[in-house]
Amino acid sequence: MLEIKAQIENLRDEIRKHEYQYYVLDDPLVSDAEYDALVRELTRLEKKYPELVSLDSPTQRVGGKALEVLQPVRHRSTLLSLDNAFSLADLHDFDRRIKKVDDSSGYMAELKIDGLTVALIYEDGILIRAATRGDGTIGEDVTLNVRTIKSIPLRLKQPLPRLEVRGEVYLPKNDFVRLNQEREERGERVFANPRNAAAGSLRQQDPGVTAGRALAAFIYDITYIEGVAIETQQETLAFLLAQGFPVNQEASYCENIEEVYDYCQRFEERRHTLPYEIDGVVVKLNPFGPRQELGQTAKSPRWAIAYKFLAEEKETRLLDIEINVGRTGIIAPTAIMEPVSLAGTTVSRASLHNFDLIKDKDIRLGDLVLLHKAGDIIPEIIRPLPEKRNGDEQIIMPPENCPVCASRAVRFDGEVALRCENINCPARLKESLIFFASRPAMDIEGMGPALVEQLVERGLVGEIADIYSLHGEALAKIERMGSKSAQNIINAIEASKKRPLHRLLTALGIRHIGAKTARILTREINNLEDFYQVTEEQLLNISEVGPKMADSLLSFFAESRNRAGLERLKLAGLNMSEENDDTGEQPLSGKTFVLSGAMKAMGRQEASEKIEALGGKTSGSVSKKTSYLLLGDEPGSKYDKAVQLGVTIMQEDEFLALLQKYGK
């Protein structure tokens, strides 16, 4: 066991080293594949020897259940805010006040990261608590969420008895853009700026959500320390970096306030080129000794100040609204404006995201509007200038129909977005085709994104039903597609016609209707045509079907273009019914399975279907109600939760034997 423990510790040290090189120094020593292999090996050993798992292990960054509420945390000392300076004159005033106490020391100039302040506490070198600033005296416990940020060390290089530090959690600009794009595609409200996104991500009650947000951090202050004496801000930053903390490398020592001002001007010009958003520069007296004499006000220290950059905003006129349909059917307005130079580029377009935003801000066609770049990247209309209206401006109304295919525009409860529900709408056809052919749906092997792209671009497929009119001769002419490959595709298309109704219902990509729900629905509604007449009451009487699912189904089947498309699929020979053998043996009735890891013999979708065919249920999360955790290769955190709750672990060979026993 001692040998295994040493092997695990060596792996942890190796992984921590690579995390530090990648996330803190931005200088990786190994490839992603090599790093992943180390993590997999550590995970394997920790699962085999769970008694050796430690809180500071790199595998424990995401763990624990979602919290119902974030708990309050009282800070040891008040986390003060800073007074602001907006000019060289303001900096000179600050400098004069400093010089009354200390006329020989210089300053540290540090970029003011636009994020959310956090306080971290380490005991014996291990992270034990993380909290937001809150009102400066009491913050919120966000320990589980902060543990998901890979640039923040779970264990320090030096096991100090106690260390408390302060820093800023932020969302890099590119990840902010990606996050907003994903939210917009789901019909959710977008974040106004990276700071809001970081704050919303860090204060999530589910650490799993935070883990998917790509948060980063910079640590810049020590608020309490035992075991080490530090006398300057320069020493502070060097010490923090040596302990494994992410420290902003743009910090600079300045001999005098003129050098500070030069630094501020330099970064005000460079701010748009940085990968993170800044809104100014923090200026701190470098030595700690004079800080005690300078003291503080009720809100701010007298030895530090924030030089704030002016927000770059420009006026321009809104000329037109362009309405676009995204790949998921979202109908979104885009502002067309008089071109204006902003943050280093010429801007003439800005997404308005949804029509609720236009209404809330009272933006009208012909308005003079105030424009800026959210996160220094995304052009955004801050607000209109109603005081400059001349009466010719026009109120912007949301469309009643899709601008591409003229289908009815739909808004679901709880969403801000309008949607086109026509699966054959040209604007969303590629996405519909890819999902239709995917493994959980009709499982047309070989029909992936690359082939779909060519089928649509060449005009071979103009709607989903056209898949079933394809022939080998036409496919063989596609780039890198020989006659044999073409015939394999045709065979896969032909085989898909026999799929049961629940697969077709899944393939239609109806909002809120996934594979599991489709299976539940088709147990009660066995023929596709019966969905045309189903009522909301009937749907809500089906177990596990809620109001959103019912609303989505009724909306989908009410769209005449969807019905027409389904009729063409029926004429093509697709199976439109579900055969339910309710008289068969149901040995798994009342049993709930959770699947974790990749299975060798079959996909997880197929495994789920076989479980349900034997009367069992599948779930996406482990709880006290879980009967079995079906374990595949490289399982995730579900395994730990199952062990903790005493859930029975079923290996893949045991599962296959069970299926064989009952002829599945």
# chains A, B, ... in the order shown; residues from 1 in each chain; ligands from 1
$ select_by_dssp --residues "stretch 286-411 of chain A" --states "helix (DSSP H, G or I)" --output "count of residues only"
16
$ residues_around --residues "A:Ala251" --least-positions-apart "6" --cutoff "7 Å" --atoms "only C-alpha atoms" --output "PyMOL selection string"
chain A and resi 108-111
$ write_last_selection --atoms "N, CA and C atoms" --output "mmCIF file, in the first residue's frame"
data_model
loop_
_atom_site.group_PDB
_atom_site.id
_atom_site.type_symbol
_atom_site.label_atom_id
_atom_site.label_comp_id
_atom_site.auth_asym_id
_atom_site.auth_seq_id
_atom_site.Cartn_x
_atom_site.Cartn_y
_atom_site.Cartn_z
ATOM 1 N N MET A 108 3.546 50.264 -6.806
ATOM 2 C CA MET A 108 3.272 49.145 -7.706
ATOM 3 C C MET A 108 2.013 49.483 -8.494
ATOM 4 N N ALA A 109 2.121 49.390 -9.811
ATOM 5 C CA ALA A 109 0.969 49.601 -10.692
ATOM 6 C C ALA A 109 0.513 48.238 -11.198
ATOM 7 N N GLU A 110 -0.754 47.925 -10.980
ATOM 8 C CA GLU A 110 -1.303 46.621 -11.364
ATOM 9 C C GLU A 110 -2.599 46.827 -12.145
ATOM 10 N N LEU A 111 -2.812 46.010 -13.154
ATOM 11 C CA LEU A 111 -4.036 46.132 -13.943
ATOM 12 C C LEU A 111 -5.251 45.835 -13.075
#
$ closest_residue --among "A:Asp653, A:Asp221, A:Glu473, A:Glu393" --to "A:Ile363" --atoms "only C-alpha atoms"
A:Glu393
$ residues_around --residues "A:Gly636" --least-positions-apart "2" --cutoff "8 Å" --atoms "only C-alpha atoms" --output "list in words"
Ser596, Gly597, Glu634, Lys638, Tyr639 and Asp640 of chain A
$ write_last_selection --atoms "N, CA and C atoms" --output "PDB file, in the first residue's frame"
ATOM      1  N   SER A 596     -22.266   5.486 -16.215  1.00  0.00           N
ATOM      2  CA  SER A 596     -21.076   6.328 -16.084  1.00  0.00           C
ATOM      3  C   SER A 596     -19.924   5.692 -16.839  1.00  0.00           C
ATOM      4  N   GLY A 597     -19.297   6.461 -17.726  1.00  0.00           N
ATOM      5  CA  GLY A 597     -18.179   5.951 -18.507  1.00  0.00           C
ATOM      6  C   GLY A 597     -18.627   5.330 -19.810  1.00  0.00           C
ATOM      7  N   GLU A 634     -13.392   4.588 -17.733  1.00  0.00           N
ATOM      8  CA  GLU A 634     -13.130   5.973 -17.343  1.00  0.00           C
ATOM      9  C   GLU A 634     -14.384   6.674 -16.804  1.00  0.00           C
ATOM     10  N   LYS A 638     -19.689  10.427 -10.912  1.00  0.00           N
ATOM     11  CA  LYS A 638     -20.855   9.659 -10.477  1.00  0.00           C
ATOM     12  C   LYS A 638     -20.432   8.433  -9.652  1.00  0.00           C
ATOM     13  N   TYR A 639     -19.272   7.876  -9.994  1.00  0.00           N
ATOM     14  CA  TYR A 639     -18.780   6.707  -9.255  1.00  0.00           C
ATOM     15  C   TYR A 639     -18.561   7.066  -7.788  1.00  0.00           C
ATOM     16  N   ASP A 640     -17.901   8.208  -7.550  1.00  0.00           N
ATOM     17  CA  ASP A 640     -17.636   8.633  -6.171  1.00  0.00           C
ATOM     18  C   ASP A 640     -18.934   8.809  -5.399  1.00  0.00           C
TER      19      ASP A 640
END
$ residues_around --residues "stretch 402-412 of chain A" --least-positions-apart "3" --cutoff "7 Å" --atoms "only C-alpha atoms" --output "VMD selection string"
chain A and resid 415 417 to 420 422 425 427
$ residues_around --residues "A:Phe593" --least-positions-apart "3" --cutoff "12 Å" --atoms "only C-alpha atoms" --output "PyMOL selection string"
chain A and resi 588-590+596+604+607-612+614-631+638+642+647-650+655
$ atom_distance --atom1 "atom CA of A:Ala657" --atom2 "atom CA of A:Met599"
14.2 Å
$ decode --residues "stretch 375-413 of chain A" --atoms "N, CA and C atoms" --output "CSV table (one decimal), in the first residue's frame"
chain,number,residue,atom,x,y,z
A,375,GLY,N,-17.1,43.6,-23.2
A,375,GLY,CA,-15.8,42.8,-23.1
A,375,GLY,C,-14.8,43.3,-24.1
A,376,ASP,N,-14.9,44.5,-24.6
A,376,ASP,CA,-14.0,45.1,-25.6
A,376,ASP,C,-14.1,44.3,-26.9
A,377,ILE,N,-15.1,43.5,-27.1
A,377,ILE,CA,-15.2,42.6,-28.3
A,377,ILE,C,-16.5,42.8,-29.0
A,378,ILE,N,-17.6,42.7,-28.3
A,378,ILE,CA,-19.0,42.6,-28.9
A,378,ILE,C,-19.6,43.9,-28.9
A,379,PRO,N,-19.9,44.5,-30.1
A,379,PRO,CA,-20.6,45.8,-30.2
A,379,PRO,C,-22.0,45.6,-29.5
A,380,GLU,N,-22.3,46.6,-28.7
A,380,GLU,CA,-23.6,46.5,-28.0
A,380,GLU,C,-24.2,47.9,-27.9
A,381,ILE,N,-25.5,48.0,-28.1
A,381,ILE,CA,-26.2,49.3,-27.9
A,381,ILE,C,-26.5,49.4,-26.4
A,382,ILE,N,-26.0,50.4,-25.8
A,382,ILE,CA,-26.2,50.6,-24.3
A,382,ILE,C,-27.6,51.1,-24.1
A,383,ARG,N,-28.0,52.1,-24.9
A,383,ARG,CA,-29.3,52.7,-24.8
A,383,ARG,C,-29.6,53.7,-25.9
A,384,PRO,N,-30.8,53.9,-26.2
A,384,PRO,CA,-31.2,55.0,-27.2
A,384,PRO,C,-31.0,56.4,-26.5
A,385,LEU,N,-31.1,57.4,-27.3
A,385,LEU,CA,-31.0,58.8,-26.8
A,385,LEU,C,-32.3,59.5,-27.2
A,386,PRO,N,-33.4,59.2,-26.4
A,386,PRO,CA,-34.7,59.7,-26.7
A,386,PRO,C,-34.8,61.2,-26.7
A,387,GLU,N,-33.9,61.9,-26.0
A,387,GLU,CA,-33.9,63.3,-26.0
A,387,GLU,C,-33.5,63.9,-27.3
A,388,LYS,N,-33.0,63.1,-28.2
A,388,LYS,CA,-32.6,63.6,-29.5
A,388,LYS,C,-33.5,63.1,-30.6
A,389,ARG,N,-34.7,62.5,-30.3
A,389,ARG,CA,-35.6,62.1,-31.3
A,389,ARG,C,-36.3,63.3,-31.9
A,390,ASN,N,-36.7,63.1,-33.2
A,390,ASN,CA,-37.4,64.1,-34.0
A,390,ASN,C,-38.9,63.8,-34.3
A,391,GLY,N,-39.3,62.6,-33.9
A,391,GLY,CA,-40.7,62.2,-34.1
A,391,GLY,C,-40.8,61.2,-35.3
A,392,ASP,N,-39.7,61.0,-36.1
A,392,ASP,CA,-39.8,60.1,-37.2
A,392,ASP,C,-39.4,58.7,-36.9
A,393,GLU,N,-39.0,58.4,-35.6
A,393,GLU,CA,-38.5,57.1,-35.2
A,393,GLU,C,-39.7,56.1,-35.2
A,394,GLN,N,-39.4,54.9,-35.4
A,394,GLN,CA,-40.5,53.9,-35.5
A,394,GLN,C,-40.3,52.8,-34.5
A,395,ILE,N,-41.4,52.4,-33.8
A,395,ILE,CA,-41.3,51.3,-32.8
A,395,ILE,C,-41.0,50.0,-33.6
A,396,ILE,N,-40.2,49.1,-33.1
A,396,ILE,CA,-39.8,47.9,-33.7
A,396,ILE,C,-40.6,46.7,-33.1
A,397,MET,N,-41.4,46.1,-34.0
A,397,MET,CA,-42.3,45.0,-33.6
A,397,MET,C,-41.7,43.6,-33.9
A,398,PRO,N,-41.8,42.7,-33.0
A,398,PRO,CA,-41.3,41.3,-33.4
A,398,PRO,C,-42.1,40.7,-34.5
A,399,PRO,N,-41.5,39.9,-35.3
A,399,PRO,CA,-42.2,39.2,-36.5
A,399,PRO,C,-43.1,38.1,-36.0
A,400,GLU,N,-44.2,37.9,-36.7
A,400,GLU,CA,-45.1,36.9,-36.4
A,400,GLU,C,-44.7,35.6,-37.1
A,401,ASN,N,-43.9,35.7,-38.1
A,401,ASN,CA,-43.5,34.5,-38.9
A,401,ASN,C,-42.0,34.5,-39.1
A,402,CYS,N,-41.4,33.4,-39.4
A,402,CYS,CA,-40.0,33.2,-39.7
A,402,CYS,C,-39.7,34.0,-41.0
A,403,PRO,N,-38.7,34.8,-41.0
A,403,PRO,CA,-38.4,35.6,-42.2
A,403,PRO,C,-37.8,34.7,-43.4
A,404,VAL,N,-37.4,33.5,-43.1
A,404,VAL,CA,-36.8,32.6,-44.1
A,404,VAL,C,-37.9,31.7,-44.7
A,405,CYS,N,-38.7,31.0,-43.9
A,405,CYS,CA,-39.6,30.1,-44.4
A,405,CYS,C,-41.1,30.4,-44.2
A,406,ALA,N,-41.3,31.5,-43.5
A,406,ALA,CA,-42.7,32.0,-43.2
A,406,ALA,C,-43.5,31.2,-42.2
A,407,SER,N,-42.8,30.2,-41.6
A,407,SER,CA,-43.5,29.5,-40.5
A,407,SER,C,-43.8,30.4,-39.4
A,408,ARG,N,-44.8,30.0,-38.5
A,408,ARG,CA,-45.2,30.8,-37.4
A,408,ARG,C,-44.0,30.9,-36.4
A,409,ALA,N,-43.8,32.1,-35.9
A,409,ALA,CA,-42.7,32.4,-34.9
A,409,ALA,C,-43.3,32.0,-33.5
A,410,VAL,N,-42.6,31.2,-32.8
A,410,VAL,CA,-43.1,30.7,-31.5
A,410,VAL,C,-42.2,31.1,-30.4
A,411,ARG,N,-42.8,31.4,-29.2
A,411,ARG,CA,-42.0,31.7,-28.0
A,411,ARG,C,-42.5,30.8,-26.9
A,412,PHE,N,-41.6,30.0,-26.3
A,412,PHE,CA,-41.9,29.1,-25.3
A,412,PHE,C,-41.9,29.8,-23.9
A,413,ASP,N,-42.6,29.3,-23.0
A,413,ASP,CA,-42.6,29.8,-21.6
A,413,ASP,C,-41.2,29.8,-21.0
